[in-house]
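Report on one structure; see the data block that follows.
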Amino acid sequence: MSATTAPRSPGNPWVMLALATIGFAVNFWAWALISPLGPLFLKQGADSPLGQLSQSEVSLMVAVPVVVGSLGRIVVGALTDRYGGRLMFPIVSGVSIVPVLFLAYFALDSYPLVLLGGFFLGIAGTAFAVGVPFVNAWFPPEKRGLAVGIFGAGMGGTAISALTTVPLWENLGRTAPFLITAGVLAVYAVVAWVVMRDAPGRVPPSTSLGARVSADARLPITWQASVLYAVAFGGYVAFSVFLPTYLKTAHGLEPADAANRMAGFVVVAVVMRPVGGWLSDRLGSIPVLAAGFAVVAVCAAVAAPNPPVTAADGSYLTLGTATFLLMAAALGSGSGATFALIAQATQPARVGGVTGLVGAAGGLGGFVPPLLMGWIYGQTESYAIGLWLLAVTSALTLVLTVTLVRRTAAESAAAAGVAA
């Protein structure tokens, strides 16, 4: 093996993948801390420290970390190309501790301070742009779809947040979920610094950050994958942050029940993300993406009339529940297939930069829908219009996938064959 940029032994690819996946999950746990609290804040009266919050105010509160984490991925992805994941994972995890502790000790009695803490909490969401190029460099092209898909399962950190934040808040005190998360982030940052290694033979780019971002942005695969990921991962993020509020408002569920159901949605999407990458390695990314967007379009249309999520006997076996779980599976597999496509159609030295730009698009895709859904509900007292918009958007993305994206993937495969 050639010399590695890491100071010690090269390391094992699967160990590095496991460490990166854990880091992604831990940082996403922190990134999603505010979302499960949305129904609790809606439930509070005017005499509470935060006052009586509206749907739009809660939507903004849960969406702010999403947009910051999304835009930050552009810079963090390019920095990862330059300095490597072995350095960037501990930095992102360590810096994310600061807004978590700020929320715990200073912000929970002030709506503006919660927004400020949520703004910097978005740093944790940039961990995604660290992990994709880090993992991609450790695996050969024929295994990158599966490897990046497994790494993407770390988005299940939002499920950890959904399952633990409200119970910890109610049983151990409102600072408990933040303090526990900060402790886990600190432990991970130390372990990552000690154990992680960058892939052997990694060659840092020599051009400036601005030049790399500009060059990556001009690639056809960048903007095309950005659209795909804005719908696939953006849809996942939008539901993971807004589903508790939606279930409480549209179906009258208690905050804990709504958070648990959101966790179920997240788990299905997380499981299907590596499946989407694995299928892309074998069948190609385009068929997997096309099938996923078709399912999302149909499920969003079915969900628009607001079918019940709980049967009369209290069971979950209803049309509404099945629709959201199918949508979760499609969004998860589509997210995995998108980065399998990037790994197949992008030069290794540019994966971090392209990942940052595409990841930003995905996060922004998750920022807009909660605000839009909250505004639409405020105007119409219904979420139907928002779900119909998702159905139409998914159908249009399906058309893009089988036309322009298919052509770009074929051209990239041909270019790779010529180079070989």
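We name chains A, B, ... following the order of the structure tokens; residues begin at 1 in each chain, and ligands are numbered from 1 as shown.
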Please report, as a compact mmCIF listing (two decimals) with C-alpha atoms, in the first residue's frame, each residue of range 194-287 of chain A to which DSSP assigns alpha helix (DSSP H) when run on this structure's backbone.
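What landed in result_38.txt:
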# COMPACT_ATOMS: atom_id res chain seq x y z
CA VAL A 194 -7.72 8.53 18.14
CA VAL A 195 -8.98 5.75 15.85
CA LEU A 209 -11.71 26.34 -1.92
CA GLY A 210 -13.55 28.83 -4.13
CA ALA A 211 -12.14 27.38 -7.33
CA ARG A 212 -13.10 23.85 -6.33
CA VAL A 213 -16.66 24.80 -5.37
CA SER A 214 -17.07 26.72 -8.63
CA ALA A 215 -15.75 23.82 -10.72
CA ASP A 216 -17.90 21.26 -8.90
CA ALA A 217 -21.01 23.41 -9.30
CA PRO A 220 -24.02 18.37 -14.88
CA ILE A 221 -24.16 15.58 -12.30
CA THR A 222 -24.02 18.16 -9.51
CA TRP A 223 -27.18 20.05 -10.34
CA GLN A 224 -29.04 16.94 -11.47
CA ALA A 225 -28.20 15.00 -8.31
CA SER A 226 -29.09 18.12 -6.31
CA VAL A 227 -32.62 18.02 -7.67
CA LEU A 228 -32.93 14.29 -6.95
CA TYR A 229 -31.60 14.66 -3.43
CA ALA A 230 -33.68 17.74 -2.69
CA VAL A 231 -36.77 15.61 -3.26
CA ALA A 232 -35.56 12.29 -1.79
CA PHE A 233 -33.57 13.35 1.26
CA GLY A 234 -35.36 16.68 1.50
CA GLY A 235 -38.65 14.82 1.76
CA TYR A 236 -37.21 12.61 4.47
CA VAL A 237 -35.88 15.57 6.46
CA ALA A 238 -39.13 17.49 6.05
CA PHE A 239 -41.20 14.62 7.43
CA SER A 240 -38.71 13.80 10.19
CA VAL A 241 -38.85 17.37 11.53
CA PHE A 242 -42.52 18.15 10.80
CA LEU A 243 -44.27 14.79 11.20
CA PRO A 244 -44.76 15.13 15.00
CA THR A 245 -46.45 18.51 14.52
CA TYR A 246 -48.50 17.18 11.60
CA LEU A 247 -49.71 14.12 13.54
CA LYS A 248 -50.69 16.20 16.56
CA THR A 249 -52.54 18.82 14.52
CA ALA A 250 -54.15 16.66 11.83
CA HIS A 251 -54.82 13.53 13.89
CA PRO A 255 -46.60 14.42 21.62
CA ALA A 256 -45.00 11.14 22.75
CA ASP A 257 -47.15 9.06 20.37
CA ALA A 258 -46.43 11.45 17.49
CA ALA A 259 -42.68 11.30 18.20
CA ASN A 260 -42.76 7.48 18.30
CA ARG A 261 -44.51 7.30 14.95
CA MET A 262 -42.01 9.73 13.48
CA ALA A 263 -39.29 7.40 14.76
CA GLY A 264 -40.95 4.53 12.90
CA PHE A 265 -40.92 6.60 9.71
CA VAL A 266 -37.21 7.33 10.24
CA VAL A 267 -36.31 3.69 10.93
CA VAL A 268 -37.92 2.51 7.68
CA ALA A 269 -36.11 5.21 5.68
CA VAL A 270 -32.82 4.39 7.41
CA VAL A 271 -33.11 0.67 6.67
CA MET A 272 -33.93 1.33 3.03
CA ARG A 273 -31.05 3.72 2.40
CA PRO A 274 -28.32 1.02 2.24
CA VAL A 275 -30.78 -1.17 0.35
CA GLY A 276 -31.07 1.60 -2.26
CA GLY A 277 -27.28 1.78 -2.53
CA TRP A 278 -26.96 -2.00 -2.78
CA LEU A 279 -29.62 -2.23 -5.48
CA SER A 280 -27.89 0.59 -7.37
CA ASP A 281 -24.64 -1.40 -7.42
CA ARG A 282 -26.50 -4.29 -9.03
CA LEU A 283 -29.34 -2.80 -11.09
CA SER A 285 -29.04 3.94 -9.94
CA ILE A 286 -31.61 5.09 -12.51
CA PRO A 287 -34.16 2.23 -12.06
If you count only C-alpha atoms, which residues fall within 9 Å of range 136-140 of chain A, apart from same-chain ones fewer than 2 positions away, as a VMD selection string?
chain A and resid 12 to 14 16 to 17 131 to 134 142 to 145 147 to 148 198 to 200 202 343 348 to 349 351
Write the residues of the selection above to a file with C-alpha atoms, as an mmCIF file, in the first residue's frame.
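Result file result-v6.cif:
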data_model
loop_
_atom_site.group_PDB
_atom_site.id
_atom_site.type_symbol
_atom_site.label_atom_id
_atom_site.label_comp_id
_atom_site.auth_asym_id
_atom_site.auth_seq_id
_atom_site.Cartn_x
_atom_site.Cartn_y
_atom_site.Cartn_z
ATOM 1 C CA ASN A 12 -9.636 -1.327 8.001
ATOM 2 C CA PRO A 13 -12.293 -0.047 5.543
ATOM 3 C CA TRP A 14 -15.192 -1.602 7.449
ATOM 4 C CA MET A 16 -13.706 3.241 9.162
ATOM 5 C CA LEU A 17 -17.204 2.834 7.712
ATOM 6 C CA GLY A 131 -18.666 11.095 5.768
ATOM 7 C CA VAL A 132 -19.495 10.557 2.099
ATOM 8 C CA PRO A 133 -16.045 11.424 0.658
ATOM 9 C CA PHE A 134 -14.355 9.730 3.635
ATOM 10 C CA GLU A 142 -18.247 -1.601 -7.320
ATOM 11 C CA LYS A 143 -18.860 -1.398 -3.545
ATOM 12 C CA ARG A 144 -19.347 2.332 -3.083
ATOM 13 C CA GLY A 145 -23.126 2.269 -3.460
ATOM 14 C CA ALA A 147 -20.813 1.487 1.536
ATOM 15 C CA VAL A 148 -22.240 4.991 1.156
ATOM 16 C CA ASP A 198 -7.986 8.631 6.027
ATOM 17 C CA ALA A 199 -7.819 6.185 3.130
ATOM 18 C CA PRO A 200 -4.346 5.252 1.837
ATOM 19 C CA ARG A 202 -5.617 10.150 -0.562
ATOM 20 C CA ALA A 343 -19.933 7.749 -6.696
ATOM 21 C CA PRO A 348 -12.907 10.591 -6.538
ATOM 22 C CA ALA A 349 -11.075 13.870 -5.852
ATOM 23 C CA VAL A 351 -16.689 13.606 -4.403
#
What are the closest atom pairs, with distances in Å to one decimal, for each residue of range 7-116 of chain A lying within 10 Å of range 364-377 of chain A, using only C-alpha atoms, rows by chain and rising residue number, as CSV?
residue,atom,partner,partner_atom,distance
A:Ser54,CA,A:Gly374,CA,8.9
A:Gln55,CA,A:Gly374,CA,5.5
A:Ser56,CA,A:Gly374,CA,5.1
A:Glu57,CA,A:Gly374,CA,8.6
A:Val58,CA,A:Gly374,CA,8.4
A:Ser59,CA,A:Leu371,CA,5.4
A:Leu60,CA,A:Leu371,CA,6.3
A:Met61,CA,A:Leu371,CA,9.6
A:Val62,CA,A:Pro370,CA,8.2
A:Ala63,CA,A:Phe367,CA,5.3
A:Val64,CA,A:Phe367,CA,7.5
A:Pro65,CA,A:Phe367,CA,8.7
A:Val66,CA,A:Phe367,CA,5.7
A:Val67,CA,A:Leu364,CA,5.5
A:Val68,CA,A:Leu364,CA,8.8
A:Gly69,CA,A:Leu364,CA,8.9
A:Ser70,CA,A:Leu364,CA,5.9
A:Leu71,CA,A:Leu364,CA,7.7
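For the pair CA of Ala127 in chain A and CA of Leu326 in chain A, the interatomic distance is 27.0 Å.
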Spatial neighbours of Pro307 in chain A, 12 Å, only C-alpha atoms, chain gap at least 2 places, as a PyMOL selection string:
chain A and resi 247+250-251+299-305+309-311+317-324+383-384
Would you save the residues from that selection as an mmCIF file, in the first residue's frame, using N, CA and C atoms?
data_model
loop_
_atom_site.group_PDB
_atom_site.id
_atom_site.type_symbol
_atom_site.label_atom_id
_atom_site.label_comp_id
_atom_site.auth_asym_id
_atom_site.auth_seq_id
_atom_site.Cartn_x
_atom_site.Cartn_y
_atom_site.Cartn_z
ATOM 1 N N LEU A 247 -48.879 15.159 12.913
ATOM 2 C CA LEU A 247 -49.705 14.122 13.536
ATOM 3 C C LEU A 247 -50.518 14.672 14.709
ATOM 4 N N ALA A 250 -53.189 17.273 12.760
ATOM 5 C CA ALA A 250 -54.149 16.664 11.826
ATOM 6 C C ALA A 250 -54.874 15.469 12.416
ATOM 7 N N HIS A 251 -54.229 14.769 13.373
ATOM 8 C CA HIS A 251 -54.822 13.532 13.894
ATOM 9 C C HIS A 251 -55.007 13.531 15.406
ATOM 10 N N CYS A 299 -47.959 7.848 -3.098
ATOM 11 C CA CYS A 299 -48.250 7.891 -1.661
ATOM 12 C C CYS A 299 -48.653 9.293 -1.205
ATOM 13 N N ALA A 300 -47.995 10.316 -1.740
ATOM 14 C CA ALA A 300 -48.370 11.678 -1.366
ATOM 15 C C ALA A 300 -49.794 11.992 -1.803
ATOM 16 N N ALA A 301 -50.172 11.515 -2.989
ATOM 17 C CA ALA A 301 -51.538 11.732 -3.463
ATOM 18 C C ALA A 301 -52.550 11.003 -2.588
ATOM 19 N N VAL A 302 -52.202 9.789 -2.142
ATOM 20 C CA VAL A 302 -53.102 9.035 -1.264
ATOM 21 C C VAL A 302 -53.217 9.705 0.096
ATOM 22 N N ALA A 303 -52.107 10.296 0.589
ATOM 23 C CA ALA A 303 -52.115 10.916 1.919
ATOM 24 C C ALA A 303 -52.835 12.256 1.945
ATOM 25 N N ALA A 304 -52.972 12.894 0.791
ATOM 26 C CA ALA A 304 -53.566 14.231 0.754
ATOM 27 C C ALA A 304 -54.967 14.306 1.373
ATOM 28 N N PRO A 305 -55.867 13.333 1.151
ATOM 29 C CA PRO A 305 -57.196 13.395 1.785
ATOM 30 C C PRO A 305 -57.183 13.099 3.280
ATOM 31 N N VAL A 309 -54.618 7.431 10.683
ATOM 32 C CA VAL A 309 -53.381 6.749 11.046
ATOM 33 C C VAL A 309 -53.591 5.808 12.227
ATOM 34 N N THR A 310 -54.781 5.815 12.808
ATOM 35 C CA THR A 310 -55.114 4.900 13.900
ATOM 36 C C THR A 310 -56.514 4.357 13.660
ATOM 37 N N ALA A 311 -56.679 3.029 13.757
ATOM 38 C CA ALA A 311 -57.986 2.407 13.569
ATOM 39 C C ALA A 311 -58.851 2.602 14.808
ATOM 40 N N LEU A 317 -52.658 -0.421 11.901
ATOM 41 C CA LEU A 317 -52.796 -1.000 10.570
ATOM 42 C C LEU A 317 -53.874 -0.263 9.798
ATOM 43 N N THR A 318 -53.513 0.921 9.315
ATOM 44 C CA THR A 318 -54.456 1.759 8.588
ATOM 45 C C THR A 318 -53.832 2.222 7.282
ATOM 46 N N LEU A 319 -54.674 2.765 6.402
ATOM 47 C CA LEU A 319 -54.182 3.270 5.124
ATOM 48 C C LEU A 319 -53.191 4.403 5.335
ATOM 49 N N GLY A 320 -53.477 5.297 6.283
ATOM 50 C CA GLY A 320 -52.584 6.421 6.533
ATOM 51 C C GLY A 320 -51.204 5.968 6.983
ATOM 52 N N THR A 321 -51.159 5.012 7.916
ATOM 53 C CA THR A 321 -49.880 4.505 8.405
ATOM 54 C C THR A 321 -49.098 3.816 7.300
ATOM 55 N N ALA A 322 -49.776 2.956 6.531
ATOM 56 C CA ALA A 322 -49.108 2.245 5.443
ATOM 57 C C ALA A 322 -48.572 3.210 4.394
ATOM 58 N N THR A 323 -49.321 4.265 4.110
ATOM 59 C CA THR A 323 -48.899 5.241 3.104
ATOM 60 C C THR A 323 -47.610 5.933 3.521
ATOM 61 N N PHE A 324 -47.538 6.373 4.764
ATOM 62 C CA PHE A 324 -46.338 7.072 5.227
ATOM 63 C C PHE A 324 -45.140 6.129 5.334
ATOM 64 N N TYR A 383 -53.638 20.140 5.368
ATOM 65 C CA TYR A 383 -52.320 19.881 4.802
ATOM 66 C C TYR A 383 -52.405 19.317 3.376
ATOM 67 N N ALA A 384 -53.603 19.224 2.830
ATOM 68 C CA ALA A 384 -53.799 18.550 1.552
ATOM 69 C C ALA A 384 -53.001 19.205 0.424
#
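For the set A:Val95, A:Ile123, A:Leu185, A:Leu357, the residue with the smallest atom-to-atom gap to Trp31 in chain A is A:Ile123, counting only C-alpha atoms.
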Applying 9 Å and only C-alpha atoms, which residues near Tyr105 in chain A remain after dropping the ones on its own chain fewer than 4 positions away? List them as a list in words.
Val100, Leu101 and Thr175 of chain A
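From CA of Ala32 in chain A back to CA of Gly252 in chain A, the distance works out to 22.4 Å.
Using only C-alpha atoms, the nearest neighbour of Leu116 in chain A within the list A:Ile342, A:Ile160, A:Val98, A:Met196 is A:Val98.
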Can you check which parts of range 143-238 of chain A lie within 7 Å of range 33-37 of chain A? Per residue, the shortest pair of atoms and distance in Å to one decimal, counting only C-alpha atoms, sorted by chain and number, as JSON lines.
{"residue": "A:Ser161", "atom": "CA", "partner": "A:Leu33", "partner_atom": "CA", "distance": 5.8}
{"residue": "A:Ala162", "atom": "CA", "partner": "A:Pro36", "partner_atom": "CA", "distance": 5.6}
{"residue": "A:Thr165", "atom": "CA", "partner": "A:Pro36", "partner_atom": "CA", "distance": 6.6}
{"residue": "A:Val166", "atom": "CA", "partner": "A:Pro36", "partner_atom": "CA", "distance": 6.6}
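One finds CA of Pro90 in chain A at 5.9 Å from CA of Trp193 in chain A.
Between Leu289 in chain A and the candidates A:Arg197, A:Arg350, A:Arg218, A:Arg406, the tightest atom-to-atom separation, counting only C-alpha atoms, involves A:Arg406.
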When you count only C-alpha atoms, which of these residues is closest to Ala186 in chain A: A:Ala124, A:Ile97, A:Ala129, A:Ala391?
A:Ile97
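Distances here use only C-alpha atoms; by that measure, the residue among A:Tyr111, A:Gly84, A:Val203, A:Ala410 closest to Phe41 in chain A is A:Tyr111.
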